[in-house]
>>> print(open('data-v2.cif').read())   # mmCIF, C-alpha atoms
data_upload
#
loop_
_atom_site.group_PDB
_atom_site.id
_atom_site.type_symbol
_atom_site.label_atom_id
_atom_site.label_comp_id
_atom_site.auth_asym_id
_atom_site.auth_seq_id
_atom_site.Cartn_x
_atom_site.Cartn_y
_atom_site.Cartn_z
ATOM 1 C CA MET A 1 0.000 0.000 0.000
ATOM 2 C CA LEU A 2 1.298 3.474 -0.814
ATOM 3 C CA SER A 3 2.263 5.670 2.139
ATOM 4 C CA PRO A 4 4.965 8.258 2.903
ATOM 5 C CA LYS A 5 8.200 7.001 4.437
ATOM 6 C CA LYS A 6 8.192 9.712 7.076
ATOM 7 C CA VAL A 7 6.171 12.831 7.771
ATOM 8 C CA LYS A 8 6.785 15.966 9.766
ATOM 9 C CA HIS A 9 3.434 15.814 11.562
ATOM 10 C CA ARG A 10 1.404 12.663 12.244
ATOM 11 C CA LYS A 11 -2.007 14.284 11.932
ATOM 12 C CA GLN A 12 -3.288 16.937 9.560
ATOM 13 C CA MET A 13 -6.395 19.041 9.277
ATOM 14 C CA LYS A 14 -9.015 17.784 6.861
ATOM 15 C CA GLY A 15 -8.901 20.747 4.486
ATOM 16 C CA ARG A 16 -11.369 21.588 1.727
ATOM 17 C CA LEU A 17 -11.226 20.722 -1.943
ATOM 18 C CA THR A 18 -11.890 23.750 -4.092
ATOM 19 C CA GLY A 19 -11.075 24.559 -7.688
ATOM 20 C CA LEU A 20 -9.635 22.405 -10.420
ATOM 21 C CA ALA A 21 -6.446 20.387 -10.747
ATOM 22 C CA LEU A 22 -3.988 22.783 -12.297
ATOM 23 C CA ARG A 23 -1.083 20.393 -12.011
ATOM 24 C CA GLY A 24 -1.109 16.781 -13.092
ATOM 25 C CA SER A 25 -4.011 17.350 -15.453
ATOM 26 C CA THR A 26 -2.378 16.506 -18.772
ATOM 27 C CA LEU A 27 -1.470 13.183 -20.317
ATOM 28 C CA ALA A 28 2.278 13.114 -19.680
ATOM 29 C CA PHE A 29 3.653 9.589 -20.038
ATOM 30 C CA GLY A 30 1.250 7.083 -21.554
ATOM 31 C CA GLU A 31 -1.270 6.794 -24.360
ATOM 32 C CA TYR A 32 -4.421 6.324 -22.281
ATOM 33 C CA ALA A 33 -5.408 7.766 -18.928
ATOM 34 C CA LEU A 34 -8.075 7.877 -16.290
ATOM 35 C CA LYS A 35 -9.039 11.420 -15.340
ATOM 36 C CA ALA A 36 -11.092 12.511 -12.319
ATOM 37 C CA VAL A 37 -14.013 14.767 -13.198
ATOM 38 C CA GLU A 38 -15.102 15.484 -9.641
ATOM 39 C CA CYS A 39 -13.327 16.168 -6.410
ATOM 40 C CA GLY A 40 -12.865 13.685 -3.597
ATOM 41 C CA ARG A 41 -10.351 11.771 -1.573
ATOM 42 C CA LEU A 42 -8.752 8.509 -2.604
ATOM 43 C CA THR A 43 -7.369 6.280 0.113
ATOM 44 C CA SER A 44 -4.275 4.192 -0.424
ATOM 45 C CA GLN A 45 -6.518 1.078 -0.428
ATOM 46 C CA GLN A 46 -8.639 2.459 -3.266
ATOM 47 C CA ILE A 47 -5.567 3.461 -5.279
ATOM 48 C CA GLU A 48 -4.168 -0.048 -4.779
ATOM 49 C CA ALA A 49 -7.472 -1.731 -5.715
ATOM 50 C CA ALA A 50 -7.616 0.187 -8.996
ATOM 51 C CA ARG A 51 -3.961 -0.610 -9.707
ATOM 52 C CA ILE A 52 -4.617 -4.314 -9.198
ATOM 53 C CA ALA A 53 -7.698 -4.131 -11.447
ATOM 54 C CA ILE A 54 -5.579 -2.663 -14.254
ATOM 55 C CA ASN A 55 -2.761 -5.163 -13.778
ATOM 56 C CA ARG A 56 -5.125 -8.150 -13.753
ATOM 57 C CA LYS A 57 -6.725 -7.044 -17.007
ATOM 58 C CA VAL A 58 -3.530 -6.086 -18.778
ATOM 59 C CA LYS A 59 -1.652 -9.109 -17.372
ATOM 60 C CA ARG A 60 1.860 -8.855 -18.768
ATOM 61 C CA GLY A 61 3.023 -6.120 -21.063
ATOM 62 C CA GLY A 62 2.420 -2.443 -21.129
ATOM 63 C CA GLN A 63 3.466 0.183 -18.666
ATOM 64 C CA MET A 64 1.410 1.925 -16.031
ATOM 65 C CA TRP A 65 1.930 5.174 -14.179
ATOM 66 C CA ILE A 66 0.135 6.091 -10.953
ATOM 67 C CA ARG A 67 0.001 9.879 -11.037
ATOM 68 C CA ILE A 68 -1.276 10.364 -7.497
ATOM 69 C CA PHE A 69 0.233 9.631 -4.100
ATOM 70 C CA PRO A 70 -1.623 9.343 -0.766
ATOM 71 C CA ASP A 71 0.493 11.681 1.363
ATOM 72 C CA LYS A 72 -2.258 13.085 3.588
ATOM 73 C CA PRO A 73 -3.041 11.261 6.847
ATOM 74 C CA PHE A 74 -6.602 10.831 8.076
ATOM 75 C CA THR A 75 -7.781 9.887 11.540
ATOM 76 C CA LYS A 76 -10.787 8.110 13.017
ATOM 77 C CA LYS A 77 -12.284 8.027 16.482
ATOM 78 C CA PRO A 78 -13.106 4.562 17.876
ATOM 79 C CA ALA A 79 -16.718 3.373 17.658
ATOM 80 C CA GLU A 80 -19.137 4.385 20.452
ATOM 81 C CA THR A 81 -16.850 7.125 21.714
ATOM 82 C CA ARG A 82 -18.185 10.405 23.025
ATOM 83 C CA MET A 83 -17.163 13.510 21.140
ATOM 84 C CA GLY A 84 -14.189 15.480 22.404
ATOM 85 C CA SER A 85 -11.019 14.255 24.109
ATOM 86 C CA GLY A 86 -8.837 15.221 21.221
ATOM 87 C CA LYS A 87 -8.342 14.104 17.666
ATOM 88 C CA GLY A 88 -8.776 10.423 16.808
ATOM 89 C CA ALA A 89 -6.049 7.924 16.043
ATOM 90 C CA HIS A 90 -4.257 7.752 12.708
ATOM 91 C CA GLU A 91 -6.278 5.536 10.373
ATOM 92 C CA GLY A 92 -4.654 5.706 6.962
ATOM 93 C CA TRP A 93 -3.430 7.774 4.040
ATOM 94 C CA MET A 94 -5.322 9.536 1.294
ATOM 95 C CA ALA A 95 -4.747 11.655 -1.791
ATOM 96 C CA PRO A 96 -6.936 14.733 -2.225
ATOM 97 C CA ILE A 97 -8.193 14.759 -5.823
ATOM 98 C CA ARG A 98 -9.424 17.811 -7.678
ATOM 99 C CA PRO A 99 -11.398 17.651 -10.952
ATOM 100 C CA GLY A 100 -9.158 17.211 -13.965
ATOM 101 C CA ARG A 101 -6.476 15.234 -12.153
ATOM 102 C CA ILE A 102 -4.952 12.334 -14.093
ATOM 103 C CA LEU A 103 -5.031 9.256 -11.857
ATOM 104 C CA TYR A 104 -3.513 6.458 -13.947
ATOM 105 C CA GLU A 105 -1.786 6.317 -17.311
ATOM 106 C CA LEU A 106 -1.227 3.300 -19.520
ATOM 107 C CA SER A 107 0.843 2.617 -22.603
ATOM 108 C CA GLY A 108 2.183 -0.271 -24.624
ATOM 109 C CA VAL A 109 -1.116 -2.156 -24.808
ATOM 110 C CA GLU A 110 -3.878 -2.412 -27.414
ATOM 111 C CA GLU A 111 -6.440 0.384 -27.219
ATOM 112 C CA GLU A 112 -9.372 -1.940 -26.536
ATOM 113 C CA LEU A 113 -7.536 -3.647 -23.667
ATOM 114 C CA ALA A 114 -6.352 -0.345 -22.191
ATOM 115 C CA LEU A 115 -9.851 1.154 -22.219
ATOM 116 C CA GLU A 116 -11.327 -1.960 -20.594
ATOM 117 C CA ALA A 117 -8.594 -1.990 -17.919
ATOM 118 C CA LEU A 118 -9.204 1.673 -17.115
ATOM 119 C CA ARG A 119 -12.963 1.069 -16.990
ATOM 120 C CA LEU A 120 -12.439 -1.693 -14.429
ATOM 121 C CA ALA A 121 -10.128 0.601 -12.426
ATOM 122 C CA ALA A 122 -12.730 3.382 -12.491
ATOM 123 C CA ASN A 123 -15.234 0.991 -10.906
ATOM 124 C CA LYS A 124 -12.951 0.706 -7.871
ATOM 125 C CA LEU A 125 -12.885 4.442 -7.255
ATOM 126 C CA PRO A 126 -15.398 6.601 -5.385
ATOM 127 C CA LEU A 127 -15.110 9.410 -7.948
ATOM 128 C CA ALA A 128 -16.619 10.125 -11.337
ATOM 129 C CA THR A 129 -13.877 9.651 -13.886
ATOM 130 C CA LYS A 130 -13.411 9.617 -17.619
ATOM 131 C CA ILE A 131 -10.993 7.884 -19.923
ATOM 132 C CA ILE A 132 -8.892 10.025 -22.210
ATOM 133 C CA THR A 133 -6.581 9.042 -25.030
ATOM 134 C CA ARG A 134 -3.678 10.881 -26.583
ATOM 135 C CA GLY A 135 -5.530 11.287 -29.879
ATOM 136 C CA ASN A 136 -8.625 12.906 -28.381
ATOM 137 C CA THR A 137 -6.963 15.624 -26.344
ATOM 138 C CA LEU A 138 -5.950 19.076 -27.511
ATOM 139 C CA MET B 139 4.922 19.815 -42.176
ATOM 140 C CA LEU B 140 1.204 20.222 -41.852
ATOM 141 C CA GLN B 141 -0.299 23.501 -43.013
ATOM 142 C CA PHE B 142 -3.678 24.976 -42.102
ATOM 143 C CA GLU B 143 -5.505 28.232 -42.513
ATOM 144 C CA VAL B 144 -7.075 29.950 -39.535
ATOM 145 C CA SER B 145 -9.008 33.186 -39.579
ATOM 146 C CA ALA B 146 -8.890 35.599 -36.674
ATOM 147 C CA SER B 147 -9.902 39.116 -35.808
ATOM 148 C CA VAL B 148 -8.294 41.712 -33.567
ATOM 149 C CA ARG B 149 -9.589 41.712 -29.989
ATOM 150 C CA ARG B 150 -10.368 45.066 -28.456
ATOM 151 C CA ASN B 151 -12.010 43.998 -25.193
ATOM 152 C CA PHE B 152 -9.680 42.764 -22.484
ATOM 153 C CA GLY B 153 -10.005 41.202 -19.065
ATOM 154 C CA LYS B 154 -11.582 38.030 -17.752
ATOM 155 C CA GLY B 155 -15.172 39.303 -18.051
ATOM 156 C CA ALA B 156 -14.731 40.048 -21.743
ATOM 157 C CA ALA B 157 -12.852 36.775 -22.279
ATOM 158 C CA ARG B 158 -15.625 34.765 -20.623
ATOM 159 C CA GLY B 159 -18.173 36.565 -22.780
ATOM 160 C CA LEU B 160 -16.208 35.578 -25.875
ATOM 161 C CA ARG B 161 -16.075 31.944 -24.775
ATOM 162 C CA ARG B 162 -19.836 31.944 -24.210
ATOM 163 C CA ASP B 163 -20.242 33.143 -27.801
ATOM 164 C CA GLY B 164 -18.095 30.314 -29.147
ATOM 165 C CA LYS B 165 -14.951 32.396 -29.543
ATOM 166 C CA THR B 166 -11.549 31.967 -27.943
ATOM 167 C CA PRO B 167 -9.148 34.738 -26.970
ATOM 168 C CA ALA B 168 -5.682 34.374 -28.435
ATOM 169 C CA VAL B 169 -2.489 36.335 -28.790
ATOM 170 C CA LEU B 170 0.058 36.627 -31.600
ATOM 171 C CA TYR B 171 3.677 37.529 -30.923
ATOM 172 C CA GLY B 172 7.083 36.893 -32.389
ATOM 173 C CA PRO B 173 10.691 38.037 -32.441
ATOM 174 C CA LYS B 174 9.939 40.987 -34.705
ATOM 175 C CA THR B 175 6.234 41.451 -34.000
ATOM 176 C CA GLU B 176 4.453 43.550 -31.447
ATOM 177 C CA PRO B 177 1.944 41.389 -29.554
ATOM 178 C CA ILE B 178 -1.567 41.480 -31.036
ATOM 179 C CA SER B 179 -4.609 40.283 -29.097
ATOM 180 C CA LEU B 180 -6.875 38.155 -31.267
ATOM 181 C CA VAL B 181 -10.198 36.343 -31.288
ATOM 182 C CA ILE B 182 -10.561 32.984 -33.032
ATOM 183 C CA ASP B 183 -13.525 30.693 -33.601
ATOM 184 C CA THR B 184 -13.387 27.913 -30.993
ATOM 185 C CA LYS B 185 -15.048 25.266 -33.153
ATOM 186 C CA ASP B 186 -12.757 25.833 -36.154
ATOM 187 C CA MET B 187 -9.630 26.011 -33.999
ATOM 188 C CA THR B 188 -10.530 22.853 -32.051
ATOM 189 C CA LYS B 189 -11.071 21.035 -35.348
ATOM 190 C CA VAL B 190 -7.640 22.152 -36.555
ATOM 191 C CA LEU B 191 -5.975 21.246 -33.238
ATOM 192 C CA LEU B 192 -7.520 17.778 -33.185
ATOM 193 C CA THR B 193 -6.259 17.238 -36.742
ATOM 194 C CA ILE B 194 -2.793 18.464 -35.781
ATOM 195 C CA GLN B 195 -2.774 16.240 -32.673
ATOM 196 C CA ARG B 196 0.254 17.899 -31.093
ATOM 197 C CA ARG B 197 2.292 17.563 -34.267
ATOM 198 C CA ASN B 198 4.075 20.607 -35.627
ATOM 199 C CA ALA B 199 2.060 22.629 -38.077
ATOM 200 C CA VAL B 200 2.360 25.988 -39.758
ATOM 201 C CA LEU B 201 -0.832 28.000 -39.582
ATOM 202 C CA SER B 202 -1.579 30.772 -42.047
ATOM 203 C CA LEU B 203 -3.260 33.291 -39.818
ATOM 204 C CA ASP B 204 -5.625 35.522 -41.728
ATOM 205 C CA ILE B 205 -6.298 38.514 -39.485
ATOM 206 C CA GLU B 206 -9.416 40.440 -40.399
ATOM 207 C CA GLY B 207 -8.391 43.893 -41.601
ATOM 208 C CA GLY B 208 -4.713 42.971 -41.265
ATOM 209 C CA SER B 209 -1.970 43.105 -43.864
ATOM 210 C CA GLY B 210 -1.965 39.676 -45.529
ATOM 211 C CA LYS B 211 -1.484 36.259 -44.018
ATOM 212 C CA ARG B 212 1.026 35.573 -41.288
ATOM 213 C CA HIS B 213 2.807 32.266 -40.757
ATOM 214 C CA VAL B 214 2.564 31.137 -37.160
ATOM 215 C CA VAL B 215 3.012 28.069 -34.993
ATOM 216 C CA VAL B 216 0.967 27.228 -31.929
ATOM 217 C CA GLN B 217 3.203 28.222 -29.043
ATOM 218 C CA GLU B 218 0.960 27.401 -26.092
ATOM 219 C CA LEU B 219 -2.560 26.194 -25.488
ATOM 220 C CA GLN B 220 -4.650 26.567 -22.375
ATOM 221 C CA SER B 221 -7.470 24.088 -22.075
ATOM 222 C CA ASP B 222 -10.072 23.259 -19.471
ATOM 223 C CA PRO B 223 -8.733 20.404 -17.312
ATOM 224 C CA ILE B 224 -12.101 18.633 -17.231
ATOM 225 C CA ASN B 225 -13.804 19.291 -20.554
ATOM 226 C CA ASP B 226 -10.625 19.772 -22.561
ATOM 227 C CA THR B 227 -12.153 22.814 -24.246
ATOM 228 C CA LEU B 228 -9.929 25.578 -25.527
ATOM 229 C CA ILE B 229 -9.455 28.549 -23.157
ATOM 230 C CA HIS B 230 -6.643 30.507 -24.800
ATOM 231 C CA ALA B 231 -4.093 30.082 -27.573
ATOM 232 C CA ASP B 232 -0.676 31.641 -28.126
ATOM 233 C CA PHE B 233 0.600 31.974 -31.688
ATOM 234 C CA TYR B 234 4.263 32.578 -32.454
ATOM 235 C CA GLU B 235 5.075 34.263 -35.751
ATOM 236 C CA ILE B 236 7.831 32.546 -37.694
ATOM 237 C CA SER B 237 9.827 33.077 -40.839
ATOM 238 C CA LEU B 238 9.669 30.205 -43.297
ATOM 239 C CA ASP B 239 13.321 30.762 -44.300
ATOM 240 C CA ALA B 240 14.908 30.897 -40.839
ATOM 241 C CA PRO B 241 15.988 27.660 -39.110
ATOM 242 C CA MET B 242 13.918 26.645 -36.126
ATOM 243 C CA VAL B 243 14.233 24.090 -33.355
ATOM 244 C CA LEU B 244 11.069 22.038 -32.943
ATOM 245 C CA GLU B 245 9.939 19.036 -30.930
ATOM 246 C CA VAL B 246 8.754 16.342 -33.345
ATOM 247 C CA PRO B 247 6.616 13.466 -32.066
ATOM 248 C CA LEU B 248 7.645 9.888 -32.754
ATOM 249 C CA GLN B 249 5.165 7.364 -34.114
ATOM 250 C CA TYR B 250 6.065 3.756 -33.513
ATOM 251 C CA LYS B 251 4.779 1.408 -36.224
ATOM 252 C CA GLY B 252 4.582 -2.347 -36.257
ATOM 253 C CA LYS B 253 4.917 -4.971 -33.578
ATOM 254 C CA ALA B 254 8.432 -5.609 -32.343
ATOM 255 C CA ARG B 255 9.808 -9.104 -32.898
ATOM 256 C CA GLY B 256 10.866 -9.153 -29.250
ATOM 257 C CA VAL B 257 7.273 -8.579 -28.106
ATOM 258 C CA GLU B 258 6.141 -11.694 -29.989
ATOM 259 C CA MET B 259 8.895 -13.591 -28.174
ATOM 260 C CA GLY B 260 7.570 -12.462 -24.785
ATOM 261 C CA GLY B 261 9.351 -9.152 -24.135
ATOM 262 C CA ASP B 262 7.711 -5.825 -23.264
ATOM 263 C CA PHE B 263 7.841 -2.828 -25.573
ATOM 264 C CA VAL B 264 8.895 0.230 -23.568
ATOM 265 C CA ILE B 265 8.632 3.730 -25.024
ATOM 266 C CA SER B 266 11.223 6.049 -23.450
ATOM 267 C CA ARG B 267 10.706 9.029 -25.747
ATOM 268 C CA HIS B 268 7.596 10.326 -27.402
ATOM 269 C CA SER B 269 9.421 13.081 -29.277
ATOM 270 C CA ILE B 270 12.814 14.264 -30.524
ATOM 271 C CA THR B 271 14.198 17.747 -31.161
ATOM 272 C CA LEU B 272 15.056 18.685 -34.740
ATOM 273 C CA LYS B 273 16.595 21.820 -36.253
ATOM 274 C CA GLY B 274 16.009 23.085 -39.756
ATOM 275 C CA LYS B 275 13.750 25.198 -41.936
ATOM 276 C CA VAL B 276 10.166 24.941 -40.776
ATOM 277 C CA LEU B 277 8.774 23.370 -43.932
ATOM 278 C CA ASP B 278 11.613 20.810 -44.022
ATOM 279 C CA ILE B 279 10.872 19.570 -40.506
ATOM 280 C CA PRO B 280 8.392 16.660 -40.665
ATOM 281 C CA ASP B 281 5.176 16.803 -38.655
ATOM 282 C CA SER B 282 6.061 13.443 -37.133
ATOM 283 C CA VAL B 283 8.760 10.797 -37.481
ATOM 284 C CA GLU B 284 7.505 7.303 -38.215
ATOM 285 C CA VAL B 285 9.661 4.555 -36.763
ATOM 286 C CA ASP B 286 9.353 0.906 -37.752
ATOM 287 C CA VAL B 287 10.011 -1.171 -34.643
ATOM 288 C CA SER B 288 9.251 -4.609 -36.107
ATOM 289 C CA GLU B 289 12.974 -5.542 -36.192
ATOM 290 C CA LEU B 290 13.542 -4.955 -32.463
ATOM 291 C CA ASP B 291 14.708 -8.125 -30.700
ATOM 292 C CA PRO B 292 14.405 -8.821 -26.963
ATOM 293 C CA GLY B 293 16.899 -6.665 -25.073
ATOM 294 C CA ALA B 294 17.418 -4.374 -28.092
ATOM 295 C CA ALA B 295 17.016 -0.611 -28.002
ATOM 296 C CA LEU B 296 16.404 2.042 -30.635
ATOM 297 C CA THR B 297 18.447 5.231 -30.167
ATOM 298 C CA CYS B 298 17.771 8.747 -31.482
ATOM 299 C CA GLY B 299 20.687 8.426 -33.929
ATOM 300 C CA GLN B 300 19.031 5.415 -35.607
ATOM 301 C CA LEU B 301 15.804 7.262 -36.426
ATOM 302 C CA PRO B 302 14.931 8.014 -40.069
ATOM 303 C CA ILE B 303 15.432 11.789 -40.029
ATOM 304 C CA PRO B 304 15.182 13.786 -43.306
ATOM 305 C CA ALA B 305 18.479 14.961 -44.807
ATOM 306 C CA LYS B 306 17.804 18.704 -44.559
ATOM 307 C CA VAL B 307 17.254 18.705 -40.820
ATOM 308 C CA SER B 308 19.577 17.832 -37.959
ATOM 309 C CA LEU B 309 19.053 16.166 -34.617
ATOM 310 C CA VAL B 310 19.443 18.325 -31.521
ATOM 311 C CA GLY B 311 20.550 16.491 -28.397
ATOM 312 C CA ASP B 312 22.084 13.163 -27.547
ATOM 313 C CA ALA B 313 22.117 10.734 -30.492
ATOM 314 C CA GLU B 314 22.732 7.842 -28.109
ATOM 315 C CA ALA B 315 19.565 8.474 -26.065
ATOM 316 C CA VAL B 316 17.192 5.499 -26.138
ATOM 317 C CA CYS B 317 13.796 6.126 -27.759
ATOM 318 C CA ALA B 318 12.244 2.697 -27.358
ATOM 319 C CA SER B 319 13.361 -0.711 -26.253
ATOM 320 C CA VAL B 320 12.162 -4.263 -25.786
ATOM 321 C CA THR B 321 12.841 -5.867 -22.429
ATOM 322 C CA ALA B 322 14.726 -9.137 -22.389
ATOM 323 C CA VAL B 323 12.547 -12.247 -22.163
ATOM 324 C CA GLY B 324 12.388 -13.455 -18.580
ATOM 325 C CA GLY B 325 14.260 -10.358 -17.425
#
>>> encode(input="data-v2.cif", output="structure tokens")
Amino acid sequence: MLSPKKVKHRKQMKGRLTGLALRGSTLAFGEYALKAVECGRLTSQQIEAARIAINRKVKRGGQMWIRIFPDKPFTKKPAETRMGSGKGAHEGWMAPIRPGRILYELSGVEEELALEALRLAANKLPLATKIITRGNTL
Amino acid sequence: MLQFEVSASVRRNFGKGAARGLRRDGKTPAVLYGPKTEPISLVIDTKDMTKVLLTIQRRNAVLSLDIEGGSGKRHVVVQELQSDPINDTLIHADFYEISLDAPMVLEVPLQYKGKARGVEMGGDFVISRHSITLKGKVLDIPDSVEVDVSELDPGAALTCGQLPIPAKVSLVGDAEAVCASVTAVGG
């Protein structure tokens, strides 16, 4: 599972997702990509699940790039706990996603296979996404 | 080199309010500049420009810019494009005026054709470069360089120096840099 090796502070504030992805919004490495069209947060488990979905479909061959990294910690209070008494315990890592962000890129595989692999990956994610190809982008 | 004609008119309203109004009306703000040209703010038709850009598909192309009320056609290249990150619609375009006789340095995309022999034997085809840099007169520089990779064996690599580059243009950069390779079988 993806997570930072070390961080300066164990817990962070939640933050708000506003605006569009100004960085990481263009197809940079591969031929096909999965792009987020709404904002949200992807946990390291979700990123891993989508990666596995792509790899299982593509099997061998091709190259994949994960363009996001879950570097933001999130916390959770235990069940049936009264409010207060400080912030909850560290639960996991997430990547804040803004609309337009490229999540995964693929190359070196047939178009039909790449599109199907990205469709399966999209099903693992809690965000609305779309598939883009190098030929259909400005 | 691909060549297209684009018509434009001079823009007199500036600022984001005016630019948004233009976009609502199906127009896109643009700017023309060059080494010997004063910058001119322009308006282009979004639909026509998008059609041209999708045909160009990031390849190099010379556009003949016909500015309404201007003095003749100007030869330009697309210097920069701003597009919406979600819808991929055109927001703004920068045109750079060029001289057809002066040498230019341009990024030329590579198009890999065929299936490498090494892939059929079980290796993976890895693209390391999508483009190379060429120098020459604009019309001599190809819009893309087609590379036949069918002869690539497992473990073999194709370098920039081995690419079929036209005689009138020269390669800029490292000729030994790997463009594509096939991984060794079982490696």
>>> atom_distance(input="data-v2.cif", atom1="CA of Gly293 in chain B", atom2="CA of Val320 in chain B")
5.4 Å
>>> interface_residues(input="data-v2.cif", of="chain A", to="chain B", cutoff="7 Å", atoms="only C-alpha atoms", output="ChimeraX atom specification")
/A:21,25,37,61-62,99-100,108,135-138
>>> residues_around(input="data-v2.cif", residues="range 243-246 of chain B", least_positions_apart="2", cutoff="10 Å", atoms="all atoms listed in the file", output="ChimeraX atom specification")
/B:196-198,241,248-249,268-276,279-283,307-310
>>> resolve_selection(input="data-v2.cif", expression="the PyMOL selection byres ((chain A and resi 15) around 12)", output="number ranges by chain")
A: 12-14, 16-18, 40-41, 72-74, 95-97
>>> write_last_selection(input="data-v2.cif", atoms="C-alpha atoms", output="PDB file, in the coordinates of the input")
ATOM      1  CA  GLN A  12      -3.288  16.937   9.560  1.00  0.00           C
ATOM      2  CA  MET A  13      -6.395  19.041   9.277  1.00  0.00           C
ATOM      3  CA  LYS A  14      -9.015  17.784   6.861  1.00  0.00           C
ATOM      4  CA  ARG A  16     -11.369  21.588   1.727  1.00  0.00           C
ATOM      5  CA  LEU A  17     -11.226  20.722  -1.943  1.00  0.00           C
ATOM      6  CA  THR A  18     -11.890  23.750  -4.092  1.00  0.00           C
ATOM      7  CA  GLY A  40     -12.865  13.685  -3.597  1.00  0.00           C
ATOM      8  CA  ARG A  41     -10.351  11.771  -1.573  1.00  0.00           C
ATOM      9  CA  LYS A  72      -2.258  13.085   3.588  1.00  0.00           C
ATOM     10  CA  PRO A  73      -3.041  11.261   6.847  1.00  0.00           C
ATOM     11  CA  PHE A  74      -6.602  10.831   8.076  1.00  0.00           C
ATOM     12  CA  ALA A  95      -4.747  11.655  -1.791  1.00  0.00           C
ATOM     13  CA  PRO A  96      -6.936  14.733  -2.225  1.00  0.00           C
ATOM     14  CA  ILE A  97      -8.193  14.759  -5.823  1.00  0.00           C
TER      15      ILE A  97
END
>>> resolve_selection(input="data-v2.cif", expression="the PyMOL selection byres ((chain A and resi 44) around 7)", output="ChimeraX atom specification")
/A:1-2,42-43,45-48,70,93-94
>>> residues_near_point(input="data-v2.cif", point="(-1.9, 34.6, -28.3)", cutoff="7 Å", atoms="all atoms listed in the file", output="PyMOL selection string")
chain B and resi 168-171+179-180+231-233
>>> closest_atom_pairs(input="data-v2.cif", of="range 15-72 of chain A", to="range 118-125 of chain A", cutoff="7 Å", atoms="all atoms listed in the file", output="CSV")
residue,atom,partner,partner_atom,distance
A:Leu34,CA,A:Leu118,CA,6.4
A:Gln46,CA,A:Leu125,CA,6.2
A:Ala49,CA,A:Lys124,CA,6.4
A:Ala50,CA,A:Ala121,CA,4.3
A:Arg51,CA,A:Ala121,CA,6.8
A:Ala53,CA,A:Ala121,CA,5.4
A:Ile54,CA,A:Ala121,CA,5.9
>>> resolve_selection(input="data-v2.cif", expression="the PyMOL selection byres ((chain A and resi 68) around 8)", output="list in words")
Ile66, Arg67, Phe69, Pro70, Ala95, Ile102, Leu103 and Tyr104 of chain A
>>> residues_around(input="data-v2.cif", residues="Glu110 in chain A", least_positions_apart="3", cutoff="10 Å", atoms="all atoms listed in the file", output="list in words")
Val58, Gly62, Ser107, Leu113, Ala114 and Leu115 of chain A
>>> atom_distance(input="data-v2.cif", atom1="CA of Asp183 in chain B", atom2="CA of Gly207 in chain B")
16.3 Å
>>> atom_distance(input="data-v2.cif", atom1="CA of Ser145 in chain B", atom2="CA of Lys211 in chain B")
9.3 Å
>>> closest_residue(input="data-v2.cif", among="A:Glu105, A:Leu20, A:Glu38, A:Gln63", to="Arg134 in chain A", atoms="all atoms listed in the file")
A:Glu105
>>> closest_residue(input="data-v2.cif", among="A:Thr129, A:Cys39, A:Arg56, A:Asp71", to="Lys6 in chain A", atoms="all atoms listed in the file")
A:Asp71
>>> residues_around(input="data-v2.cif", residues="Lys154 in chain B", least_positions_apart="4", cutoff="12 Å", atoms="all atoms listed in the file", output="PyMOL selection string")
chain B and resi 158-161+166-167+229-230
>>> closest_residue(input="data-v2.cif", among="A:Pro4, A:Lys57, A:Gly88, A:Tyr32", to="Glu111 in chain A", atoms="all atoms listed in the file")
A:Tyr32
>>> residues_around(input="data-v2.cif", residues="Thr175 in chain B", least_positions_apart="6", cutoff="10 Å", atoms="all atoms listed in the file", output="list of chain:residue names")
B:Tyr234, B:Glu235, B:Ile236
